[in-house]
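Visitor: Have a look at this one.
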Amino acid sequence: AIRFTEEFDDKDGLLKTADKLLSTYFFALRATLLHKDTQNLDAYAVLSPATDKKFLTRAPLRKKIRVGEEEQLSFLMSNSFHTARLAYEQYNLAGVSLGVAFLAGIAIVDNRAVAQINSNIINANISKVDVWLDSGGPGQLTEKRTFVIDNTNCANAVRFYFENSLSGFDAYTCTGKFSKVLKTKKTSFKKTLPLSFVVKDRGVTDLGLNTDTAFEVFSEFITKAEAEWLSELINSTDVFIKQIGETVFTPVNILTDSQLLFDSNDVAQLRILYAEANPLIPLNN
């Protein structure tokens with residue numbers, strides 16, 4: 001939030017910049033600075049019933065999600081339009097629609113809100129679910145997004161939550177190869193033992209220890225469009241990990257060696273290296 005105030009001249013009490021009089025609060029998103037996309041937020045601000053308004057994400061309209069995982073869809077809403085609820089249409093395992101239902105109670109604060117996609121609508125008895133915002137009129141307010149239930153068993157899946165370029169939060173699960181690398185640096189002191197030393201005497205003592213643990217994960221093979229979207233994960237400075245069954249978001253830092261590993265005409269794969277933002281401190285450090 002940026003507050004603009006009036007600036008007066010010290011001598012005569014007149015405004016220094018009368019042509020730029022601002023006396024209210026303005027809220028800025030990084031989206032307004034993306035020259036290739038937009039210089040305003042008209043495409044994202046919900047003003048009235050319309051099906052073309054977008055959530056604050058560049059993720060594909062169709063995504064995978066596992067039972068127990070969660071997502072959030074951020075959106076903007078105009079001052080003059082304050083009613084919204086989450087509409088969803090579930091499909092059973094045979095692909096038959098179970099009808100449209102609604103979840104009310106989306107809190108809108110300072111023209112911004114978040115719709116939660118979690119166990120309220122994601123379960124093992126459905127194959128997919130379509131979600132969108134509804135005015136309660138009824139009236140569709142936004143684009144529809146589809147979450148496909150992924151029942152693939154994966155022992156080393158890593159779920160990332162990251163701030164995207166539109167200041168919303170996206171999520172993605174890496175289900176490829178997983179590895180953990182431990183790097184240790186020590187500062188040691190070496191002393192000469194007397195002739196009468198015993199086996200338990202120490203000649204080399206570790207004075208300091210610095211341990212870095214890096215994790216390496218791979219995405220599944222993805223399309224170029226998905227790879228372009230996930231480049232925001234590599235470039236994000238606000239990344240967390242939360243696995244199924246966990247209640248805490250663990251902050252991590254994406255390392256600079258992360259890259260697009262494989263590229264062909266149709267598919268790609270991401271190699272992501274990360275470290276915990278708050279690593280364990282060795283006792284003798």
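Naming scheme: A, B, ... for chains in displayed order of the structure tokens; residues 1 onward per chain; ligands 1 onward as shown.
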Determine, counting only C-alpha atoms, which protein, DNA and RNA residues have an atom within 8 Å of an atom of Asn118 of chain A; residues of the same chain fewer than 2 positions away are not included. Present the result as a VMD selection string.
Guide: chain A and resid 68 to 71 116 120 to 122
Visitor: Excluding Ala275 of chain A and residues on its chain fewer than 3 positions from it, collect all residues at most 7 Å away from it, counting only C-alpha atoms, and give them as a ChimeraX atom specification.
Guide: /A:213-215,252-254
Visitor: Next, dump the selected residues to file, keeping only N, CA and C atoms, as a PDB file, in the first residue's frame.
Guide:
ATOM      1  N   THR A 213      22.104 -28.018   3.466  1.00  0.00           N
ATOM      2  CA  THR A 213      21.370 -29.146   2.896  1.00  0.00           C
ATOM      3  C   THR A 213      20.581 -28.655   1.693  1.00  0.00           C
ATOM      4  N   ALA A 214      20.874 -29.203   0.539  1.00  0.00           N
ATOM      5  CA  ALA A 214      20.179 -28.835  -0.687  1.00  0.00           C
ATOM      6  C   ALA A 214      19.319 -29.995  -1.155  1.00  0.00           C
ATOM      7  N   PHE A 215      18.166 -29.671  -1.691  1.00  0.00           N
ATOM      8  CA  PHE A 215      17.244 -30.678  -2.198  1.00  0.00           C
ATOM      9  C   PHE A 215      17.099 -30.489  -3.707  1.00  0.00           C
ATOM     10  N   VAL A 252      11.200 -21.968   1.909  1.00  0.00           N
ATOM     11  CA  VAL A 252      12.404 -22.454   1.242  1.00  0.00           C
ATOM     12  C   VAL A 252      12.894 -21.394   0.262  1.00  0.00           C
ATOM     13  N   ASN A 253      14.132 -21.536  -0.158  1.00  0.00           N
ATOM     14  CA  ASN A 253      14.718 -20.662  -1.162  1.00  0.00           C
ATOM     15  C   ASN A 253      15.093 -21.487  -2.388  1.00  0.00           C
ATOM     16  N   ILE A 254      14.659 -21.032  -3.547  1.00  0.00           N
ATOM     17  CA  ILE A 254      15.017 -21.699  -4.796  1.00  0.00           C
ATOM     18  C   ILE A 254      16.445 -21.307  -5.161  1.00  0.00           C
TER      19      ILE A 254
END
Visitor: Counting only C-alpha atoms, which residues of segment 132-198 of chain A sit at most 6 Å from some atom of segment 58-67 of chain A, and what is each one's closest atom pair with its distance in Å to one decimal, listed by chain and rising residue number, as CSV?
Guide:
residue,atom,partner,partner_atom,distance
A:Arg145,CA,A:Leu61,CA,4.9
A:Thr146,CA,A:Arg62,CA,4.7
A:Phe147,CA,A:Lys63,CA,5.1
A:Val148,CA,A:Lys64,CA,4.7
A:Ile149,CA,A:Ile65,CA,5.2
A:Asp150,CA,A:Arg66,CA,4.9
Visitor: Applying 12 Å and only C-alpha atoms, which residues near Glu226 of chain A remain after dropping the ones on its own chain fewer than 2 positions away? List them as a list of chain:residue names.
Guide: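 Contacts, with the query itself left out: A:Arg58, A:Ala59, A:Pro60, A:Leu61, A:Arg62, A:Lys63, A:Lys64, A:Tyr172, A:Ser219, A:Glu220, A:Phe221, A:Ile222, A:Thr223, A:Lys224, A:Glu228, A:Trp229, A:Leu230, A:Ser231, A:Glu232, A:Leu233, A:Leu260, A:Asp266, A:Val267, A:Ala268, A:Gln269, A:Leu270.
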Visitor: Just want the 7 Å neighbourhood of Ser258 of chain A, counted on only C-alpha atoms, with same-chain residues fewer than 3 positions away dropped. Output as an MDAnalysis selection string.
Guide: chainID A and resid 234 255 271:273
Visitor: List every residue of segment 59-240 of chain A that DSSP, applied to the backbone, labels as helix (DSSP H, G or I), and write the result as a VMD selection string.
Guide: chain A and resid 224 to 235
Visitor: With only C-alpha atoms as the atoms that count, which of A:Thr237, A:Thr187, A:Ser78, A:Ser167 lies nearest to Asp42 of chain A?
Guide: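 Nearest candidate to Asp42 of chain A out of A:Thr237, A:Thr187, A:Ser78, A:Ser167: A:Ser78.
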Visitor: Please provide as a PDB file with N, CA and C atoms, in the first residue's frame all residues within 8 Å of Leu86 of chain A, with the sequence filter that same-chain residues fewer than 3 positions apart are discarded (counting only C-alpha atoms).
Guide:
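Resulting contents of part30.pdb:
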ATOM      1  N   PHE A 102     -22.397 -24.442  -4.207  1.00  0.00           N
ATOM      2  CA  PHE A 102     -21.783 -23.163  -3.862  1.00  0.00           C
ATOM      3  C   PHE A 102     -21.190 -23.209  -2.458  1.00  0.00           C
ATOM      4  N   LEU A 103     -20.117 -22.439  -2.284  1.00  0.00           N
ATOM      5  CA  LEU A 103     -19.517 -22.210  -0.975  1.00  0.00           C
ATOM      6  C   LEU A 103     -19.519 -20.716  -0.725  1.00  0.00           C
ATOM      7  N   ALA A 104     -20.216 -20.277   0.294  1.00  0.00           N
ATOM      8  CA  ALA A 104     -20.304 -18.856   0.603  1.00  0.00           C
ATOM      9  C   ALA A 104     -19.235 -18.490   1.628  1.00  0.00           C
ATOM     10  N   ILE A 106     -16.749 -15.883   1.383  1.00  0.00           N
ATOM     11  CA  ILE A 106     -15.445 -15.376   0.954  1.00  0.00           C
ATOM     12  C   ILE A 106     -15.276 -13.960   1.500  1.00  0.00           C
ATOM     13  N   ALA A 115     -10.161 -17.373  -2.806  1.00  0.00           N
ATOM     14  CA  ALA A 115     -11.075 -18.516  -2.793  1.00  0.00           C
ATOM     15  C   ALA A 115     -10.265 -19.778  -2.537  1.00  0.00           C
ATOM     16  N   VAL A 131     -14.345 -24.872 -11.099  1.00  0.00           N
ATOM     17  CA  VAL A 131     -14.612 -23.836 -10.109  1.00  0.00           C
ATOM     18  C   VAL A 131     -14.630 -22.472 -10.778  1.00  0.00           C
ATOM     19  N   TRP A 132     -15.450 -21.561 -10.228  1.00  0.00           N
ATOM     20  CA  TRP A 132     -15.508 -20.191 -10.696  1.00  0.00           C
ATOM     21  C   TRP A 132     -16.171 -19.349  -9.611  1.00  0.00           C
ATOM     22  N   LEU A 133     -16.172 -18.043  -9.791  1.00  0.00           N
ATOM     23  CA  LEU A 133     -16.848 -17.155  -8.852  1.00  0.00           C
ATOM     24  C   LEU A 133     -18.253 -16.864  -9.335  1.00  0.00           C
ATOM     25  N   ASP A 134     -19.173 -16.812  -8.382  1.00  0.00           N
ATOM     26  CA  ASP A 134     -20.574 -16.562  -8.684  1.00  0.00           C
ATOM     27  C   ASP A 134     -21.053 -15.405  -7.816  1.00  0.00           C
TER      28      ASP A 134
END
Visitor: List as a list in words the protein and nucleic acid residues near Asp52 of chain A, meaning an atom at most 12 Å away when only C-alpha atoms are counted, but skip any in the same chain fewer than 2 places from it.
Guide: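 The residues that qualify are Asp42, Ala43, Tyr44, Ala45, Val46, Leu47, Ser48, Pro49, Ala50, Lys54, Phe55, Trp132, Leu133, Gln140, Leu141, Thr142, Glu143, Lys144 and Arg145 of chain A.
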Visitor: Kindly export the residues of the current selection with all heavy atoms, as a compact mmCIF listing (two decimals), in the first residue's frame.
Guide:
# COMPACT_ATOMS: atom_id res chain seq x y z
N ASP A 42 -7.79 -4.19 -15.55
CA ASP A 42 -9.17 -4.36 -16.02
C ASP A 42 -9.52 -5.83 -16.24
O ASP A 42 -10.65 -6.25 -16.00
CB ASP A 42 -9.37 -3.59 -17.33
CG ASP A 42 -9.35 -2.08 -17.11
OD1 ASP A 42 -9.47 -1.66 -15.94
OD2 ASP A 42 -9.18 -1.34 -18.09
N ALA A 43 -8.55 -6.63 -16.70
CA ALA A 43 -8.83 -8.03 -16.98
C ALA A 43 -9.03 -8.85 -15.71
O ALA A 43 -9.57 -9.95 -15.75
CB ALA A 43 -7.69 -8.63 -17.79
N TYR A 44 -8.61 -8.29 -14.56
CA TYR A 44 -8.66 -9.04 -13.31
C TYR A 44 -9.67 -8.49 -12.31
O TYR A 44 -10.01 -9.18 -11.35
CB TYR A 44 -7.27 -9.04 -12.65
CG TYR A 44 -6.19 -9.61 -13.53
CD1 TYR A 44 -5.42 -8.79 -14.35
CD2 TYR A 44 -5.94 -10.98 -13.57
CE1 TYR A 44 -4.44 -9.32 -15.17
CE2 TYR A 44 -4.96 -11.51 -14.38
CZ TYR A 44 -4.20 -10.68 -15.19
OH TYR A 44 -3.23 -11.20 -16.00
N ALA A 45 -10.14 -7.28 -12.49
CA ALA A 45 -11.04 -6.66 -11.52
C ALA A 45 -12.50 -7.05 -11.82
O ALA A 45 -13.02 -6.78 -12.90
CB ALA A 45 -10.90 -5.14 -11.57
N VAL A 46 -13.14 -7.70 -10.85
CA VAL A 46 -14.52 -8.12 -11.00
C VAL A 46 -15.42 -6.90 -10.78
O VAL A 46 -15.44 -6.33 -9.69
CB VAL A 46 -14.88 -9.23 -10.00
CG1 VAL A 46 -16.34 -9.62 -10.12
CG2 VAL A 46 -13.98 -10.44 -10.23
N LEU A 47 -16.14 -6.50 -11.81
CA LEU A 47 -17.00 -5.32 -11.75
C LEU A 47 -18.47 -5.68 -11.76
O LEU A 47 -19.28 -5.07 -11.09
CB LEU A 47 -16.68 -4.38 -12.92
CG LEU A 47 -15.23 -3.89 -13.02
CD1 LEU A 47 -15.04 -3.09 -14.30
CD2 LEU A 47 -14.87 -3.05 -11.81
N SER A 48 -18.83 -6.69 -12.55
CA SER A 48 -20.21 -7.11 -12.70
C SER A 48 -20.19 -8.52 -13.29
O SER A 48 -19.14 -9.00 -13.68
CB SER A 48 -20.97 -6.14 -13.63
OG SER A 48 -20.35 -6.11 -14.91
N PRO A 49 -21.35 -9.19 -13.33
CA PRO A 49 -21.35 -10.54 -13.91
C PRO A 49 -20.73 -10.58 -15.30
O PRO A 49 -21.17 -9.90 -16.21
CB PRO A 49 -22.84 -10.89 -13.94
CG PRO A 49 -23.42 -10.12 -12.81
CD PRO A 49 -22.65 -8.82 -12.77
N ALA A 50 -19.67 -11.35 -15.44
CA ALA A 50 -18.96 -11.50 -16.71
C ALA A 50 -18.14 -12.77 -16.62
O ALA A 50 -17.66 -13.16 -15.55
CB ALA A 50 -18.06 -10.30 -16.99
N LYS A 54 -10.36 -12.70 -14.82
CA LYS A 54 -9.35 -13.69 -14.51
C LYS A 54 -8.96 -13.67 -13.04
O LYS A 54 -9.03 -12.63 -12.39
CB LYS A 54 -8.10 -13.45 -15.36
CG LYS A 54 -8.34 -13.51 -16.87
CD LYS A 54 -7.06 -13.21 -17.63
CE LYS A 54 -7.29 -13.25 -19.13
NZ LYS A 54 -6.05 -12.96 -19.88
N PHE A 55 -8.53 -14.83 -12.55
CA PHE A 55 -7.90 -14.90 -11.25
C PHE A 55 -6.45 -14.43 -11.39
O PHE A 55 -5.90 -14.37 -12.49
CB PHE A 55 -7.94 -16.32 -10.70
CG PHE A 55 -9.32 -16.81 -10.37
CD1 PHE A 55 -10.01 -17.64 -11.24
CD2 PHE A 55 -9.93 -16.44 -9.18
CE1 PHE A 55 -11.29 -18.09 -10.94
CE2 PHE A 55 -11.21 -16.88 -8.87
CZ PHE A 55 -11.89 -17.70 -9.75
N TRP A 132 -15.45 -21.56 -10.23
CA TRP A 132 -15.51 -20.19 -10.70
C TRP A 132 -16.17 -19.35 -9.61
O TRP A 132 -16.66 -19.87 -8.60
CB TRP A 132 -16.28 -20.09 -12.02
CG TRP A 132 -17.74 -20.47 -11.94
CD1 TRP A 132 -18.80 -19.63 -11.78
CD2 TRP A 132 -18.29 -21.79 -12.05
NE1 TRP A 132 -19.98 -20.34 -11.78
CE2 TRP A 132 -19.70 -21.66 -11.95
CE3 TRP A 132 -17.74 -23.06 -12.23
CZ2 TRP A 132 -20.54 -22.76 -12.00
CZ3 TRP A 132 -18.59 -24.16 -12.28
CH2 TRP A 132 -19.98 -24.00 -12.17
N LEU A 133 -16.17 -18.04 -9.79
CA LEU A 133 -16.85 -17.15 -8.85
C LEU A 133 -18.25 -16.86 -9.33
O LEU A 133 -18.49 -16.66 -10.53
CB LEU A 133 -16.07 -15.84 -8.69
CG LEU A 133 -14.79 -15.88 -7.88
CD1 LEU A 133 -14.24 -14.47 -7.74
CD2 LEU A 133 -15.01 -16.49 -6.51
N GLN A 140 -22.31 -15.78 -13.24
CA GLN A 140 -20.90 -16.14 -13.29
C GLN A 140 -20.06 -14.87 -13.37
O GLN A 140 -20.31 -13.98 -14.18
CB GLN A 140 -20.63 -17.04 -14.50
CG GLN A 140 -19.20 -17.53 -14.60
CD GLN A 140 -19.00 -18.48 -15.76
OE1 GLN A 140 -19.95 -19.08 -16.25
NE2 GLN A 140 -17.75 -18.62 -16.20
N LEU A 141 -19.02 -14.79 -12.53
CA LEU A 141 -18.19 -13.59 -12.46
C LEU A 141 -16.83 -13.75 -13.10
O LEU A 141 -16.20 -12.75 -13.45
CB LEU A 141 -18.00 -13.18 -10.99
CG LEU A 141 -19.25 -12.81 -10.20
CD1 LEU A 141 -18.88 -12.49 -8.76
CD2 LEU A 141 -19.95 -11.62 -10.84
N THR A 142 -16.34 -14.98 -13.21
CA THR A 142 -14.96 -15.17 -13.67
C THR A 142 -14.88 -16.35 -14.64
O THR A 142 -15.86 -17.06 -14.89
CB THR A 142 -14.03 -15.48 -12.49
OG1 THR A 142 -14.44 -16.71 -11.88
CG2 THR A 142 -14.07 -14.36 -11.45
N GLU A 143 -13.66 -16.56 -15.11
CA GLU A 143 -13.35 -17.74 -15.90
C GLU A 143 -13.55 -19.00 -15.05
O GLU A 143 -13.55 -18.94 -13.83
CB GLU A 143 -11.89 -17.68 -16.34
CG GLU A 143 -10.93 -17.68 -15.16
CD GLU A 143 -9.49 -17.39 -15.53
OE1 GLU A 143 -9.20 -17.23 -16.73
OE2 GLU A 143 -8.64 -17.35 -14.62
N LYS A 144 -13.69 -20.14 -15.73
CA LYS A 144 -13.77 -21.41 -15.04
C LYS A 144 -12.40 -22.08 -15.05
O LYS A 144 -11.68 -22.04 -16.04
CB LYS A 144 -14.79 -22.35 -15.70
CG LYS A 144 -16.24 -21.95 -15.48
CD LYS A 144 -17.18 -23.02 -16.03
CE LYS A 144 -18.64 -22.65 -15.76
NZ LYS A 144 -19.57 -23.71 -16.24
N ARG A 145 -12.05 -22.69 -13.92
CA ARG A 145 -10.80 -23.44 -13.81
C ARG A 145 -11.13 -24.87 -13.40
O ARG A 145 -12.03 -25.11 -12.60
CB ARG A 145 -9.85 -22.80 -12.81
CG ARG A 145 -9.30 -21.47 -13.31
CD ARG A 145 -8.17 -20.92 -12.49
NE ARG A 145 -7.44 -19.91 -13.26
CZ ARG A 145 -6.39 -20.15 -14.00
NH1 ARG A 145 -5.90 -21.39 -14.06
NH2 ARG A 145 -5.79 -19.20 -14.69
